[in-house]
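Trainee: So here's coords_38.cif (mmCIF, C-alpha atoms).
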```
data_coords
loop_
_atom_site.label_atom_id
_atom_site.label_comp_id
_atom_site.auth_asym_id
_atom_site.auth_seq_id
_atom_site.Cartn_x
_atom_site.Cartn_y
_atom_site.Cartn_z
CA MET A 15 11.33 12.23 8.31
CA PHE A 16 7.99 10.88 8.08
CA THR A 17 5.21 8.75 14.69
CA ALA A 18 3.25 6.04 14.58
CA GLU A 19 -0.18 7.50 14.61
CA ALA A 20 -3.11 5.68 13.16
CA THR A 21 -6.77 6.39 12.68
CA SER A 22 -9.26 4.13 14.44
CA LEU A 23 -8.16 0.52 14.74
CA LYS A 24 -10.69 -2.27 14.36
CA LYS A 25 -10.93 -6.02 14.54
CA THR A 26 -10.68 -7.49 11.08
CA THR A 27 -10.79 -10.75 9.20
CA GLY A 28 -7.05 -11.17 9.64
CA THR A 29 -6.34 -9.59 6.25
CA ALA A 30 -4.77 -6.22 5.48
CA LEU A 31 -3.89 -4.14 2.44
CA LEU A 32 -0.84 -1.88 2.64
CA LEU A 33 -0.80 0.97 0.14
CA ILE A 34 2.64 2.51 -0.10
CA ASP A 35 3.18 6.05 -1.42
CA PHE A 36 -0.08 6.29 -3.37
CA GLN A 37 0.28 10.07 -3.62
CA ASN A 38 0.07 12.74 -6.28
CA GLU A 39 3.84 12.95 -6.54
CA PHE A 40 3.77 9.56 -8.26
CA THR A 41 0.25 9.12 -9.63
CA ASP A 42 -0.66 12.50 -11.12
CA PRO A 43 0.90 13.81 -14.35
CA LYS A 44 1.85 17.01 -12.49
CA GLY A 45 3.79 15.08 -9.84
CA LYS A 46 7.58 15.36 -9.86
CA LEU A 47 8.05 11.58 -10.01
CA HIS A 48 5.14 10.73 -12.29
CA ASP A 49 7.24 10.36 -15.41
CA ASP A 50 9.48 7.88 -13.58
CA VAL A 51 6.62 5.39 -13.24
CA LYS A 52 4.24 6.44 -16.00
CA LYS A 53 5.02 3.59 -18.42
CA ALA A 54 4.91 0.92 -15.74
CA MET A 55 1.63 2.26 -14.32
CA GLU A 56 0.02 2.37 -17.74
CA ALA A 57 1.30 -1.08 -18.68
CA ASN A 58 -0.25 -2.83 -15.69
CA GLU A 59 -3.28 -0.49 -15.34
CA MET A 60 -2.73 -0.30 -11.60
CA LEU A 61 -4.64 2.96 -11.09
CA SER A 62 -7.84 1.26 -12.21
CA LYS A 63 -7.19 -2.12 -10.57
CA ILE A 64 -6.12 -0.98 -7.09
CA PRO A 65 -9.23 1.13 -6.31
CA LYS A 66 -11.43 -1.83 -7.21
CA LEU A 67 -9.40 -4.13 -4.99
CA VAL A 68 -9.50 -1.66 -2.09
CA ARG A 69 -13.29 -1.35 -2.32
CA LYS A 70 -13.69 -5.13 -2.31
CA ALA A 71 -11.28 -5.51 0.58
CA ARG A 72 -13.25 -3.01 2.67
CA ASP A 73 -16.49 -4.88 1.87
CA PHE A 74 -14.91 -8.12 3.10
CA GLY A 75 -13.70 -6.54 6.34
CA ALA A 76 -10.00 -6.25 5.54
CA LEU A 77 -7.93 -3.55 7.21
CA VAL A 78 -6.72 -0.94 4.72
CA ILE A 79 -3.46 0.76 5.71
CA HIS A 80 -1.90 3.75 3.97
CA SER A 81 1.80 4.50 4.25
CA PRO A 82 2.50 7.93 2.73
CA VAL A 83 5.72 9.88 2.52
CA VAL A 84 5.41 13.31 4.16
CA MET A 85 8.49 15.52 4.40
CA LYS A 86 9.45 18.96 5.64
CA ALA A 87 10.25 21.50 2.96
CA ASP A 88 13.97 21.39 3.72
CA GLN A 89 14.22 17.60 4.06
CA LYS A 90 15.62 15.08 1.62
CA PHE A 91 15.54 11.31 1.52
CA VAL A 92 18.17 9.68 3.68
CA ASP A 93 18.11 5.91 3.24
CA GLU A 94 20.81 3.43 2.37
CA PHE A 95 18.37 1.77 -0.02
CA ASP A 96 18.02 4.85 -2.23
CA LEU A 97 18.61 3.11 -5.57
CA ASN A 98 16.92 5.87 -7.58
CA GLY A 99 18.89 8.86 -6.36
CA TYR A 100 15.87 10.60 -4.82
CA GLY A 101 18.08 11.77 -1.96
CA ALA A 102 19.58 14.34 -4.32
CA MET A 103 16.20 15.86 -5.17
CA HIS A 104 14.49 18.69 -3.27
CA GLY A 105 10.80 19.33 -2.58
CA LEU A 106 9.46 15.78 -2.85
CA PHE A 107 6.24 14.89 -0.97
CA THR A 108 6.39 18.19 0.94
CA GLU A 109 3.91 18.37 3.84
CA ASN A 110 0.80 20.51 3.40
CA THR A 111 1.21 20.57 -0.38
CA TRP A 112 -0.73 18.97 -3.18
CA ASN A 113 2.25 16.74 -3.98
CA SER A 114 1.99 14.80 -0.69
CA GLU A 115 -1.79 14.37 -0.80
CA PHE A 116 -3.27 10.92 -1.36
CA ALA A 117 -4.07 9.96 -4.93
CA LYS A 118 -7.72 10.63 -5.70
CA GLU A 119 -8.18 7.00 -6.69
CA VAL A 120 -7.46 5.68 -3.18
CA VAL A 121 -8.36 8.42 -0.69
CA PRO A 122 -8.58 6.92 2.84
CA THR A 123 -11.98 6.43 4.47
CA GLY A 124 -12.92 6.56 8.15
CA ASP A 125 -11.97 2.97 8.96
CA ASP A 126 -8.59 3.05 7.22
CA VAL A 127 -5.31 3.34 9.10
CA ILE A 128 -2.88 6.10 8.11
CA LEU A 129 0.74 5.62 9.14
CA LYS A 130 2.70 8.72 10.07
CA ASN A 131 6.28 9.83 10.65
CA ARG A 132 7.98 7.26 8.47
CA THR A 133 11.76 7.37 8.88
CA LYS A 134 12.75 4.91 6.13
CA PHE A 135 11.65 3.71 2.74
CA SER A 136 10.25 0.72 4.65
CA ALA A 137 6.72 1.27 5.98
CA PHE A 138 7.95 -0.07 9.34
CA GLY A 139 10.37 2.78 9.99
CA GLY A 140 8.98 4.84 12.90
CA THR A 141 5.32 4.10 12.13
CA GLY A 142 4.31 1.40 14.61
CA LEU A 143 3.17 -0.79 11.74
CA LYS A 144 4.26 -3.99 13.50
CA GLU A 145 2.11 -3.20 16.54
CA ILE A 146 -0.86 -2.28 14.35
CA LEU A 147 -0.70 -5.58 12.48
CA GLU A 148 -0.32 -7.57 15.70
CA SER A 149 -3.11 -5.77 17.58
CA ASN A 150 -5.48 -6.43 14.68
CA SER A 151 -4.45 -10.12 14.42
CA ILE A 152 -3.37 -9.69 10.80
CA LYS A 153 -2.14 -12.97 9.32
CA ARG A 154 -1.91 -12.07 5.65
CA ILE A 155 -1.12 -8.80 3.93
CA PHE A 156 -1.09 -7.47 0.39
CA LEU A 157 1.54 -4.88 -0.58
CA MET A 158 1.07 -2.43 -3.43
CA GLY A 159 2.33 0.95 -4.59
CA PHE A 160 5.74 2.50 -5.27
CA LEU A 161 8.40 1.48 -5.94
CA SER A 162 8.40 -2.28 -6.43
CA ASN A 163 12.20 -2.39 -6.16
CA GLY A 164 12.32 0.24 -3.41
CA CYS A 165 9.79 0.84 -0.64
CA ILE A 166 7.81 -2.32 -1.38
CA GLU A 167 10.90 -4.51 -1.38
CA GLU A 168 12.29 -2.92 1.78
CA THR A 169 8.92 -3.24 3.54
CA ALA A 170 8.59 -6.89 2.53
CA ARG A 171 12.10 -7.61 3.76
CA ASP A 172 11.43 -6.01 7.15
CA MET A 173 8.08 -7.77 7.42
CA MET A 174 9.59 -11.19 6.86
CA ALA A 175 12.16 -10.47 9.60
CA LEU A 176 9.76 -8.88 12.11
CA LEU A 177 6.69 -11.04 11.45
CA PRO A 178 7.98 -14.38 10.15
CA ASP A 179 4.54 -16.04 10.28
CA MET A 180 2.90 -13.39 8.11
CA HIS A 181 1.63 -14.45 4.68
CA ILE A 182 2.99 -11.73 2.40
CA TYR A 183 1.58 -11.03 -1.06
CA MET A 184 2.94 -8.41 -3.43
CA LEU A 185 0.80 -7.23 -6.34
CA LYS A 186 2.77 -7.34 -9.54
CA ASP A 187 0.12 -5.38 -11.44
CA GLY A 188 -0.53 -3.14 -8.44
CA SER A 189 2.93 -1.65 -8.17
CA ALA A 190 5.49 0.05 -10.39
CA ALA A 191 9.16 0.95 -10.74
CA LYS A 192 11.14 3.41 -12.88
CA SER A 193 11.02 1.03 -15.82
CA GLU A 194 9.11 -2.08 -16.81
CA VAL A 195 12.37 -4.03 -16.86
CA VAL A 196 13.24 -3.03 -13.29
CA HIS A 197 9.69 -3.83 -12.17
CA LEU A 198 9.77 -7.21 -13.87
CA ASN A 199 13.10 -8.02 -12.28
CA ALA A 200 11.70 -7.12 -8.85
CA THR A 201 8.59 -9.28 -9.23
CA ILE A 202 10.48 -12.26 -10.66
CA VAL A 203 13.81 -12.19 -8.82
CA THR A 204 13.84 -10.21 -5.56
CA LEU A 205 10.31 -9.92 -4.18
CA PRO A 206 9.60 -13.69 -4.29
CA MET A 207 12.31 -14.07 -1.64
CA TYR A 208 9.94 -12.44 0.86
CA GLY A 209 6.51 -13.60 -0.25
CA GLN A 210 4.32 -14.40 -3.22
CA CYS A 211 3.84 -12.11 -6.22
CA ILE A 212 0.28 -12.26 -7.54
CA THR A 213 -2.14 -10.20 -9.62
CA CYS A 214 -4.89 -7.95 -8.33
CA ARG A 215 -7.44 -10.42 -9.63
CA GLU A 216 -5.81 -13.24 -7.69
CA ALA A 217 -5.79 -11.03 -4.60
CA GLU A 218 -9.53 -10.41 -4.99
CA LYS A 219 -10.17 -14.16 -5.02
CA ILE A 220 -8.05 -14.71 -1.90
CA ILE A 221 -9.68 -11.84 0.00
CA GLY A 222 -13.16 -12.86 -1.09
CA GLY A 223 -12.82 -16.47 0.00
CA LYS A 224 -15.41 -18.50 1.87
CA HIS A 225 -15.37 -16.41 5.05
CA GLY A 226 -15.33 -13.14 3.15
CA SER A 227 -18.41 -14.11 1.15
CA MET A 228 -20.22 -15.05 4.37
CA ARG A 229 -19.36 -11.65 5.86
CA VAL A 230 -20.77 -9.77 2.85
CA ALA A 231 -23.95 -11.88 2.92
CA PHE A 232 -24.37 -11.11 6.65
CA GLN A 233 -23.85 -7.39 6.06
CA LYS A 234 -26.51 -7.35 3.33
CA MET A 235 -28.96 -9.25 5.54
CA LYS A 236 -28.30 -6.87 8.44
CA ALA A 237 -28.84 -3.83 6.21
CA LYS A 238 -32.10 -5.30 4.94
CA LEU A 239 -33.34 -5.97 8.47
CA ASN A 240 -32.42 -2.45 9.59
CA LYS A 241 -34.27 -1.01 6.62
CA SER A 242 -37.37 -3.07 7.42
CA ALA A 243 -37.22 -2.03 11.07
CA GLY A 244 -36.98 1.59 10.07
#
```
As structure tokens, how would this structure be written, given the file I've shared?

Mentor:
Amino acid sequence: MFTAEATSLKKTTGTALLLIDFQNEFTDPKGKLHDDVKKAMEANEMLSKIPKLVRKARDFGALVIHSPVVMKADQKFVDEFDLNGYGAMHGLFTENTWNSEFAKEVVPTGDDVILKNRTKFSAFGGTGLKEILESNSIKRIFLMGFLSNGCIEETARDMMALLPDMHIYMLKDGSAAKSEVVHLNATIVTLPMYGQCITCREAEKIIGGKHGSMRVAFQKMKAKLNKSAG
């Protein structure tokens, strides 16, 4: 469905953000699945919080990974975890269409990693995500996107099994489901089985810890020296 190809890999601070399905199909009012998540997105203000978190994470040297859904025109979802019946729908996230493009709020930059050829709702299916995390010495990761009781849950479950030493954080105000009740149930009942559910603000504090602050200070000093030399 969706081979593990990534953009340039880089050494990081051991921290990664994983953005799952942040695409027009979900985030834009014209997307086919927008109405499914509209109330939950508006309630937690995720489309304003996530871009801010991503910018801060990049500043602190975290690896930003995007896991989009990209499908052929005649393909449908085939996954045993299809709780929302999307397998019965046609034309979702079709390749080379506006619907499958990244949401304007979180468009990848040159240093980001873009997973390709996903075969499951889980971001691990066919993408080489495990190898990417290991080769970049990632020890903690923050999951966000759609759906909290679907792709995020399945990804977290696989991650706990494949990378048992990984510190997994799921952003309860950085993800959404088809209803606020379903989302709340996921963040209170199911997701905590695989990691810790926190807010975007809490994630910012973790990412911007002691070592992150030192990195930003070094980058500013380096930029100042380069400017003086020029």

Trainee: Have a look at CA of Asp126 (chain A) and CA of Pro206 (chain A) and let me know their distance in Å, one decimal.

Mentor: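 Atom-to-atom, CA of Asp126 (chain A) and CA of Pro206 (chain A) are spaced 27.3 Å apart.
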
Trainee: Around (12.1, 1.2, -15.8) in the file's own coordinates, what residues are found within 12 Å if you use all atoms listed in the file, given back as a PyMOL selection string?

Mentor: chain A and resi 49-55+57+98+161-163+190-200

Trainee: From the list A:Gln210, A:Ser81, A:Ser151, A:Thr108, which residue is nearest Ala137 (chain A) when using only C-alpha atoms?

Mentor: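 That would be A:Ser81, the residue with the smallest distance to Ala137 (chain A).
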
Trainee: Rounded to one decimal in Å, what is the spacing between CA of Ala175 (chain A) and CA of Lys144 (chain A)?

Mentor: 10.9 Å

Trainee: Tell me which residues the PyMOL selection byres ((chain A and resi 134-136) around 6) grabs here, as a list in words.

Mentor: Arg132, Thr133, Ala137, Phe138, Gly139, Cys165, Glu168 and Thr169 of chain A

Trainee: Once the PyMOL selection byres ((chain A and resi 109) around 6) has been applied to the shown file, what residues remain in the selection, as a ChimeraX atom specification?

Mentor: /A:84-86,108,110-111

Trainee: When distances are computed from all atoms listed in the file, which of A:Ala117, A:Met158, A:Met60, A:Ala170 shows the smallest separation from Leu33 (chain A)?

Mentor: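 Distance minimum relative to Leu33 (chain A) lands on A:Met158.
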
Trainee: Would you work out the distance separating CA of Lys219 (chain A) from CA of Phe40 (chain A), expressed in Å to one decimal?

Mentor: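 Atom-to-atom, CA of Lys219 (chain A) to CA of Phe40 (chain A), that is 27.7 Å.
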
Trainee: The PyMOL selection byres ((chain A and resi 34) around 7) on the file shown: which residues, as a PyMOL selection string?

Mentor: chain A and resi 32-33+35-36+80-82+158-160

Trainee: Those selected residues, please, written with C-alpha atoms and delivered as a PDB file, in the frame of the given file.

Mentor:
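Written file, result.pdb:
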```
ATOM      1  CA  LEU A  32      -0.840  -1.880   2.640  1.00  0.00           C
ATOM      2  CA  LEU A  33      -0.800   0.970   0.140  1.00  0.00           C
ATOM      3  CA  ASP A  35       3.180   6.050  -1.420  1.00  0.00           C
ATOM      4  CA  PHE A  36      -0.080   6.290  -3.370  1.00  0.00           C
ATOM      5  CA  HIS A  80      -1.900   3.750   3.970  1.00  0.00           C
ATOM      6  CA  SER A  81       1.800   4.500   4.250  1.00  0.00           C
ATOM      7  CA  PRO A  82       2.500   7.930   2.730  1.00  0.00           C
ATOM      8  CA  MET A 158       1.070  -2.430  -3.430  1.00  0.00           C
ATOM      9  CA  GLY A 159       2.330   0.950  -4.590  1.00  0.00           C
ATOM     10  CA  PHE A 160       5.740   2.500  -5.270  1.00  0.00           C
TER      11      PHE A 160
END
```

Trainee: Restricting the calculation to all atoms listed in the file, which member of A:Ile212, A:Thr27, A:Ser189, A:Arg171 is positioned closest to Arg72 (chain A)?

Mentor: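 Going through A:Ile212, A:Thr27, A:Ser189, A:Arg171 one by one, the smallest distance to Arg72 (chain A) is for A:Thr27.
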
Trainee: Could you check the closest approach to Glu119 (chain A) for each of A:Leu185, A:Lys66, A:Tyr208, A:Thr213 and tell me which residue wins, using only C-alpha atoms?

Mentor: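 For Glu119 (chain A), the nearest of the given residues is A:Lys66.
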
Trainee: From the options A:Glu218, A:Glu39, A:Glu115, A:Asp172, which residue's atoms come nearest to Pro65 (chain A), counting only C-alpha atoms?

Mentor: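 Selected residue with least distance to Pro65 (chain A): A:Glu218.
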
Trainee: Using all atoms listed in the file for the distances, tell me which of A:Ile146, A:Leu61, A:Met207, A:Met173 is nearest to Gly28 (chain A).

Mentor: A:Ile146

Trainee: Residues within 6 Å of Ile182 (chain A), please, as a ChimeraX atom specification. Count all atoms listed in the file; anything in the same chain fewer than 3 positions from it doesn't count.

Mentor: /A:154-155,209

Trainee: Taking (-9.8, -3.7, -2.3) in the file's coordinates as the center, which residues reach within 12 Å of it, counting only C-alpha atoms, put as a VMD selection string?

Mentor: chain A and resid 29 to 33 62 to 79 119 to 120 122 126 155 to 158 185 188 214 to 222

Trainee: Those residues with C-alpha atoms, as a short mmCIF file (atom, residue, chain, number, x, y, z; two decimals), in the frame of the given file please?

Mentor:
```cif
data_model
loop_
_atom_site.label_atom_id
_atom_site.label_comp_id
_atom_site.auth_asym_id
_atom_site.auth_seq_id
_atom_site.Cartn_x
_atom_site.Cartn_y
_atom_site.Cartn_z
CA THR A 29 -6.34 -9.59 6.25
CA ALA A 30 -4.77 -6.22 5.48
CA LEU A 31 -3.89 -4.14 2.44
CA LEU A 32 -0.84 -1.88 2.64
CA LEU A 33 -0.80 0.97 0.14
CA SER A 62 -7.84 1.26 -12.21
CA LYS A 63 -7.19 -2.12 -10.57
CA ILE A 64 -6.12 -0.98 -7.09
CA PRO A 65 -9.23 1.13 -6.31
CA LYS A 66 -11.43 -1.83 -7.21
CA LEU A 67 -9.40 -4.13 -4.99
CA VAL A 68 -9.50 -1.66 -2.09
CA ARG A 69 -13.29 -1.35 -2.32
CA LYS A 70 -13.69 -5.13 -2.31
CA ALA A 71 -11.28 -5.51 0.58
CA ARG A 72 -13.25 -3.01 2.67
CA ASP A 73 -16.49 -4.88 1.87
CA PHE A 74 -14.91 -8.12 3.10
CA GLY A 75 -13.70 -6.54 6.34
CA ALA A 76 -10.00 -6.25 5.54
CA LEU A 77 -7.93 -3.55 7.21
CA VAL A 78 -6.72 -0.94 4.72
CA ILE A 79 -3.46 0.76 5.71
CA GLU A 119 -8.18 7.00 -6.69
CA VAL A 120 -7.46 5.68 -3.18
CA PRO A 122 -8.58 6.92 2.84
CA ASP A 126 -8.59 3.05 7.22
CA ILE A 155 -1.12 -8.80 3.93
CA PHE A 156 -1.09 -7.47 0.39
CA LEU A 157 1.54 -4.88 -0.58
CA MET A 158 1.07 -2.43 -3.43
CA LEU A 185 0.80 -7.23 -6.34
CA GLY A 188 -0.53 -3.14 -8.44
CA CYS A 214 -4.89 -7.95 -8.33
CA ARG A 215 -7.44 -10.42 -9.63
CA GLU A 216 -5.81 -13.24 -7.69
CA ALA A 217 -5.79 -11.03 -4.60
CA GLU A 218 -9.53 -10.41 -4.99
CA LYS A 219 -10.17 -14.16 -5.02
CA ILE A 220 -8.05 -14.71 -1.90
CA ILE A 221 -9.68 -11.84 0.00
CA GLY A 222 -13.16 -12.86 -1.09
#
```
